[in-house]
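Engineer: Here it is, the structure in full.
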Amino acid sequence: MIRRTRLATLLLLCLIPCALAVQVQSVRIEGIAQPELLHNAKLSLSLARAQKAKSDMSEERLAFLLRSAPEEIRSALEPFGYYDAEVATDVQRHGDSADVVFTVKPGEPVRVRRHDVQVRGEASTDPIVAKAVAAFVPRQGDVLDHRLYETSKQEVDGRLLEHGYFDARQITHRVEVTRAAHAADIDVTWDSGNRYRFGATSFAGSQFKPGLLDPLLRFKPGDAYRQDRLLATQQSLADLDYFGTVEVAPDTDQRADGQLPITVTTTPAKRNVYSAGLSYGTDSGAGITLGYERRWLNRGGHKFDAQLEWAQNRKLLAARYRIPAFGWLDGWYALATNLRDEHTDAGHTRLAEIVGSRSGRLHHWTLTAALHAQRERYQDALYPGFDRFATLVFPSISAQTQRVDDKLYPTRGWGLGMDASGGATAIGSDVDFLQVHARASWVHPLGESNRVLLRGEVGHIVTGNFNSLPPSLRYYAGGDNSVRGYAYQEIGPRVNGLNVGAPNLLTLSAEFEHRFTPTWGAAVFADDGDAFVDTPRSHLGVGFGLRWRSPVGLVRIDLAHGFQGRAPVHLYLGIGSDL
């Protein structure tokens with residue numbers, strides 16, 4: 001009996017036809033012109049995902065996926081406002097393979113008939129929140145796009161949180177679609193509640209005495225809450241270079257009586273920083289550099305740093321001691337000393353200098369006031385064969401600002417710097433003089449892969465005895481940061497074949513850069529300028545170069561030809577921001 005049952009089962013299985021396997025070669029969607037809609041429709045198709053696997057499927061599986069496809073496509077178009085799409089399916093057989101084509105008629109889109117978006121409560125008069133509400137899309141008459149709708153809701157939510165409305169909630173948030181009328185009604189209402197204010201601030205993890213960092217807080221207890229104030233505080237603390245990490249955050253679990261406590265959490269940075277490397281500059285030649293920085297010396301936040309540069313044409317030893325001055329114009333008191341021995345086209349100079357300064361930030365400007373005392377020994381062509389000496393005591397002021405979209409590699413923005421200094425025999429200088437100097441730069445994109453850079457520099461010295469000014473105060477032109485196509489400090493009035501410097505300076509530069517990849521590009525440029533006594537003369541230089549966006553800044557390699565220079569071609573290497 002058992003044997004007969006097994007035999008019958010085998011006979012029955014043989015009579016059942018085996019399921020045929022089908023290889024789907026391609027899946028296409030036609031009739032959708034908008035790329036975003038087409039992309040979303042393709043992503044929604046289960047058949048398209050199965051076809052990409054390149055595996056055979058049964059007829060039953062193919063039939064199921066074909067039945068599901070029209071609804072998948074229609075659902076994929078609804079977020080874009082198309083609720084009445086018609087989908088026709090065409091299966092083109094080629095033996096054991098098939099090509100599938102879906103022809104779509106999106107139909108008439110649903111448009112916004114009524115648009116009611118409002119914020120109630122204290123935030124109803126907040127201009128930042130009101131701006132987000134006014135920008136809410138889609139508006140009346142627009143095609144209903146659910147992506148824009150969700151993004152707009154998130155934008156209003158974000159503005160409410162950024163301005164301290166932590167109890168805000170959505171009372172209504174609905175979109176009603178009437179398919180027959182191809183119309184949608186948007187109704188979104190927020191109740192903002194009351195705006196919170198800054199409470200007390202506590203520091204955690206700081207290695208400094210209490211109160212030292214308080215002046216860097218960009219808010220006071222009782223001020224209306226603004227998230228940008230927290231970000232500005234975090235940036236100010238990070239710029240000190242004291243900390244490895246800085247976090248400035250509200251303690252939302254402790255909010256009470258309309259106030260929100262703030263916690264500043266920091267971790268100390270590495271205290272000692274040593275650096276060493278090889279260097280090459282078109283002005284200094286090949287050399288080595290050594291550096292040391294003590295990021296903080298004591299609980300008062302004092303700093304010390306020193307640098308040694310030993311190159312073919314320049315030797316430099318610089319040291320600086322800084323004391324925090326955060327109470328007014330966040331900045332530093334500093335005492336610096338510089339020793340420099342330099343050979344240039346203008347001659348040989350040895351300089352010893354002591355500088356006391358006070359720096360600070362005012363809005364977007366960095367301001368510095370300083371008092372210089374320097375002794376300079378030099379040789380120039382005005383008095384060949386003799387060492388000359390100059391003692392100068394003079395104050396100086398400087399102001400610098402920069403507005404860019406990216407500090408390492410700006411594509412849009414500008415920079416401006418101005419300096420003024422003056423010495424007098426009445427305060428210990430060998431010569432009376434007044435010197436002013438200004439420089440400006442501008443960068444702007446041209447399309448996605450190009451940018452143009454413009455740069456200019458002007459300087460003027462007023463003195464009754466220019467020949468008594470040492471080389472460190474005279475103007476020269478030429479070099480990678482001046483007029484390319486000429487050697488460093490090559491341009492200027494000459495006596496006995498040597499550059500003696502000038503009381504006036506004017507340089508201009510224009511550069512066009514094209515990026516081939518996100519990190520590599522090329523540039524062409526033209527520079528012109530002069531260091532002159534009365535009337536400037538043209539010293540045109542043109543060239544081209546490579547650009548590499550390295551992790552530490554832009555690396556520039558330039559070849560330039562100067563039409564008035566002594567050498568036909570000059571090579572320049574540089575690193576750092578263009579501005």
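Every chain in the structure tokens has a letter given in the order shown (A, B, ...), and although residue numbers restart at 1 in each chain, ligands are simply numbered from 1 in the order shown.
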Would you please give, as a PyMOL selection string, all residues of stretch 198-390 of chain A that DSSP assigns to helix (DSSP H, G or I) based on the backbone?
Structural biologist: chain A and resi 214-216+227-239+252-254
Engineer: Could you save the residues just selected, with C-alpha atoms, as a PDB file, in the first residue's frame?
Structural biologist:
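The resulting file, again-v9.pdb, is shown below:
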```pdb
ATOM      1  CA  ASP A 214      33.040  85.159  31.022  1.00  0.00           C
ATOM      2  CA  PRO A 215      33.675  88.235  28.800  1.00  0.00           C
ATOM      3  CA  LEU A 216      33.631  85.932  25.754  1.00  0.00           C
ATOM      4  CA  GLN A 227      20.962  80.112  19.145  1.00  0.00           C
ATOM      5  CA  ASP A 228      23.334  82.203  17.033  1.00  0.00           C
ATOM      6  CA  ARG A 229      24.655  83.721  20.279  1.00  0.00           C
ATOM      7  CA  LEU A 230      25.631  80.244  21.440  1.00  0.00           C
ATOM      8  CA  LEU A 231      27.383  79.539  18.145  1.00  0.00           C
ATOM      9  CA  ALA A 232      29.251  82.856  18.313  1.00  0.00           C
ATOM     10  CA  THR A 233      30.383  82.043  21.852  1.00  0.00           C
ATOM     11  CA  GLN A 234      31.525  78.589  20.793  1.00  0.00           C
ATOM     12  CA  GLN A 235      33.538  80.064  17.914  1.00  0.00           C
ATOM     13  CA  SER A 236      35.171  82.672  20.174  1.00  0.00           C
ATOM     14  CA  LEU A 237      36.257  79.992  22.637  1.00  0.00           C
ATOM     15  CA  ALA A 238      37.514  77.701  19.880  1.00  0.00           C
ATOM     16  CA  ASP A 239      39.575  80.540  18.365  1.00  0.00           C
ATOM     17  CA  THR A 252      16.533  72.110  28.315  1.00  0.00           C
ATOM     18  CA  ASP A 253      15.770  69.705  31.170  1.00  0.00           C
ATOM     19  CA  GLN A 254      16.385  72.450  33.734  1.00  0.00           C
TER      20      GLN A 254
END
```
Engineer: I'd like the neighbourhood of stretch 295-310 of chain A as a count of residues only, where a residue qualifies if any of its atoms comes within 8 Å (using only C-alpha atoms), though same-chain residues fewer than 4 positions away should be ignored.
Structural biologist: 26
Engineer: Counting only C-alpha atoms, which residues of stretch 450-492 of chain A sit at most 8 Å from some atom of stretch 509-522 of chain A, and what is each one's closest atom pair with its distance in Å to one decimal, listed by chain and rising residue number, as JSON lines?
Structural biologist:
```
{"residue": "A:Asn450", "atom": "CA", "partner": "A:His514", "partner_atom": "CA", "distance": 4.5}
{"residue": "A:Arg451", "atom": "CA", "partner": "A:Glu513", "partner_atom": "CA", "distance": 5.4}
{"residue": "A:Val452", "atom": "CA", "partner": "A:Phe512", "partner_atom": "CA", "distance": 4.6}
{"residue": "A:Leu453", "atom": "CA", "partner": "A:Glu511", "partner_atom": "CA", "distance": 5.1}
{"residue": "A:Leu454", "atom": "CA", "partner": "A:Ala510", "partner_atom": "CA", "distance": 4.7}
{"residue": "A:Arg455", "atom": "CA", "partner": "A:Ser509", "partner_atom": "CA", "distance": 5.0}
{"residue": "A:Gly456", "atom": "CA", "partner": "A:Ser509", "partner_atom": "CA", "distance": 6.3}
{"residue": "A:Val483", "atom": "CA", "partner": "A:Ser509", "partner_atom": "CA", "distance": 7.5}
```
Engineer: Take the selection from the previous step and output its residues with C-alpha atoms, as a PDB file, in the first residue's frame.
Structural biologist:
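Result file follows (again_1.pdb):
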```pdb
ATOM      1  CA  ASN A 450      35.554  78.790 -12.135  1.00  0.00           C
ATOM      2  CA  ARG A 451      36.419  81.805 -10.057  1.00  0.00           C
ATOM      3  CA  VAL A 452      38.026  85.185 -10.625  1.00  0.00           C
ATOM      4  CA  LEU A 453      40.360  86.896  -8.138  1.00  0.00           C
ATOM      5  CA  LEU A 454      41.255  90.587  -8.058  1.00  0.00           C
ATOM      6  CA  ARG A 455      43.858  92.090  -5.756  1.00  0.00           C
ATOM      7  CA  GLY A 456      45.239  95.583  -5.198  1.00  0.00           C
ATOM      8  CA  VAL A 483      53.935  91.342  -8.933  1.00  0.00           C
TER       9      VAL A 483
END
```
Engineer: Env of A:Ala181: 10 Å cut, atoms = only C-alpha atoms, seq-sep filter 3 positions within chain, self excluded. Answer as an NGL selection string.
Structural biologist: :A and (110-111 or 113 or 177-178 or 184)
Engineer: How many Å lie between atom CA of A:Pro250 and atom CA of A:Ile262, rounded to one decimal?
Structural biologist: 4.5 Å
Engineer: Would you mind writing down, as a VMD selection string, each residue of stretch 472-549 of chain A that DSSP on the backbone assigns to strand (DSSP E or B)?
Structural biologist: chain A and resid 475 477 491 494 to 495 498 to 499 502 504 to 515 520 to 532 541 to 549
Engineer: Set the distance at 8 Å and use only C-alpha atoms: which residues neighbour stretch 197-202 of chain A once local chain neighbours fewer than 2 positions away are removed? I'd like the list as a list in words.
Structural biologist: Gly164, Arg195, Ala204, Phe219, Lys220, Pro221, Gly222, Asp223, Ala224, Tyr225, Gly258, Gln259, Leu260, Pro261, Ile262, Thr263 and Val264 of chain A
Engineer: Quick one: write out the picked residues with C-alpha atoms as a PDB file, in the first residue's frame?
Structural biologist:
```pdb
ATOM      1  CA  GLY A 164      13.903  80.034  22.276  1.00  0.00           C
ATOM      2  CA  ARG A 195      10.073  82.798  24.511  1.00  0.00           C
ATOM      3  CA  ALA A 204      32.702  72.390  32.904  1.00  0.00           C
ATOM      4  CA  PHE A 219      24.815  86.787  25.895  1.00  0.00           C
ATOM      5  CA  LYS A 220      23.811  87.825  29.399  1.00  0.00           C
ATOM      6  CA  PRO A 221      21.307  86.341  31.851  1.00  0.00           C
ATOM      7  CA  GLY A 222      17.896  87.723  31.033  1.00  0.00           C
ATOM      8  CA  ASP A 223      18.586  88.255  27.317  1.00  0.00           C
ATOM      9  CA  ALA A 224      16.102  86.678  24.903  1.00  0.00           C
ATOM     10  CA  TYR A 225      17.376  83.293  23.783  1.00  0.00           C
ATOM     11  CA  GLY A 258      11.113  81.198  31.524  1.00  0.00           C
ATOM     12  CA  GLN A 259      14.919  80.927  31.795  1.00  0.00           C
ATOM     13  CA  LEU A 260      17.248  78.387  30.271  1.00  0.00           C
ATOM     14  CA  PRO A 261      20.611  77.567  31.918  1.00  0.00           C
ATOM     15  CA  ILE A 262      23.629  77.302  29.593  1.00  0.00           C
ATOM     16  CA  THR A 263      26.476  74.848  30.038  1.00  0.00           C
ATOM     17  CA  VAL A 264      29.888  75.370  28.416  1.00  0.00           C
TER      18      VAL A 264
END
```
Engineer: With only C-alpha atoms as the atoms that count, which of A:Leu160, A:Leu506, A:Ile32, A:Leu213 lies nearest to A:Ala325?
Structural biologist: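 The answer is A:Leu213, which sits nearest to A:Ala325.
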Engineer: Given the choices A:Ser75, A:Asn338, A:Gln118, A:Thr344, which gets closest to A:Ala130 if the distance is worked out from only C-alpha atoms?
Structural biologist: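 The answer is A:Gln118, which sits nearest to A:Ala130.
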Engineer: Which residue out of A:Leu217, A:Leu416, A:Ala134, A:Ile427 has the minimum interatomic distance to A:Asp330 when only C-alpha atoms are used?
Structural biologist: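 The answer is A:Leu217, which sits nearest to A:Asp330.
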Engineer: What separation in Å, quoted to one decimal, exists between atom CA of A:Ser429 and atom CA of A:Phe394?
Structural biologist: 7.2 Å
Engineer: Near A:Asp480, counting only C-alpha atoms, which residues have an atom at most 12 Å away, once you skip same-chain residues fewer than 4 positions from it, shown as a PDB file with C-alpha atoms, in the first residue's frame?
Structural biologist:
```pdb
ATOM      1  CA  GLY A 281      60.327  80.537  -0.611  1.00  0.00           C
ATOM      2  CA  THR A 282      61.025  82.566  -3.680  1.00  0.00           C
ATOM      3  CA  ASP A 283      62.167  85.386  -1.396  1.00  0.00           C
ATOM      4  CA  SER A 284      64.026  83.420   1.288  1.00  0.00           C
ATOM      5  CA  ARG A 484      54.626  87.865 -10.285  1.00  0.00           C
ATOM      6  CA  GLY A 485      57.113  87.626 -13.131  1.00  0.00           C
ATOM      7  CA  TYR A 486      59.727  89.481 -11.067  1.00  0.00           C
ATOM      8  CA  ALA A 487      62.052  88.506  -8.234  1.00  0.00           C
ATOM      9  CA  TYR A 488      61.252  89.361  -4.631  1.00  0.00           C
ATOM     10  CA  GLN A 489      61.685  93.155  -4.144  1.00  0.00           C
ATOM     11  CA  GLU A 490      63.099  93.518  -7.658  1.00  0.00           C
ATOM     12  CA  SER A 509      46.480  91.608  -9.976  1.00  0.00           C
ATOM     13  CA  PHE A 525      46.939  85.648 -14.300  1.00  0.00           C
ATOM     14  CA  ALA A 526      48.289  89.105 -15.042  1.00  0.00           C
ATOM     15  CA  ASP A 527      49.999  91.353 -12.457  1.00  0.00           C
ATOM     16  CA  GLY A 541      53.871  90.078 -15.522  1.00  0.00           C
ATOM     17  CA  VAL A 542      51.752  87.240 -16.935  1.00  0.00           C
ATOM     18  CA  GLY A 543      51.720  83.538 -16.243  1.00  0.00           C
ATOM     19  CA  GLY A 545      49.879  77.895 -12.549  1.00  0.00           C
ATOM     20  CA  ARG A 556      49.884  77.349  -5.633  1.00  0.00           C
ATOM     21  CA  ILE A 557      52.625  76.620  -8.186  1.00  0.00           C
ATOM     22  CA  ASP A 558      53.065  79.488 -10.645  1.00  0.00           C
ATOM     23  CA  LEU A 559      55.285  80.244 -13.629  1.00  0.00           C
ATOM     24  CA  ALA A 560      55.345  83.906 -14.640  1.00  0.00           C
ATOM     25  CA  HIS A 570      60.123  82.977 -12.362  1.00  0.00           C
ATOM     26  CA  LEU A 571      58.772  80.021 -10.394  1.00  0.00           C
ATOM     27  CA  TYR A 572      56.640  80.646  -7.298  1.00  0.00           C
ATOM     28  CA  LEU A 573      55.461  78.230  -4.624  1.00  0.00           C
ATOM     29  CA  GLY A 574      52.885  79.245  -2.051  1.00  0.00           C
ATOM     30  CA  ILE A 575      50.330  77.841   0.387  1.00  0.00           C
ATOM     31  CA  ASP A 578      44.160  83.791  -1.558  1.00  0.00           C
TER      32      ASP A 578
END
```
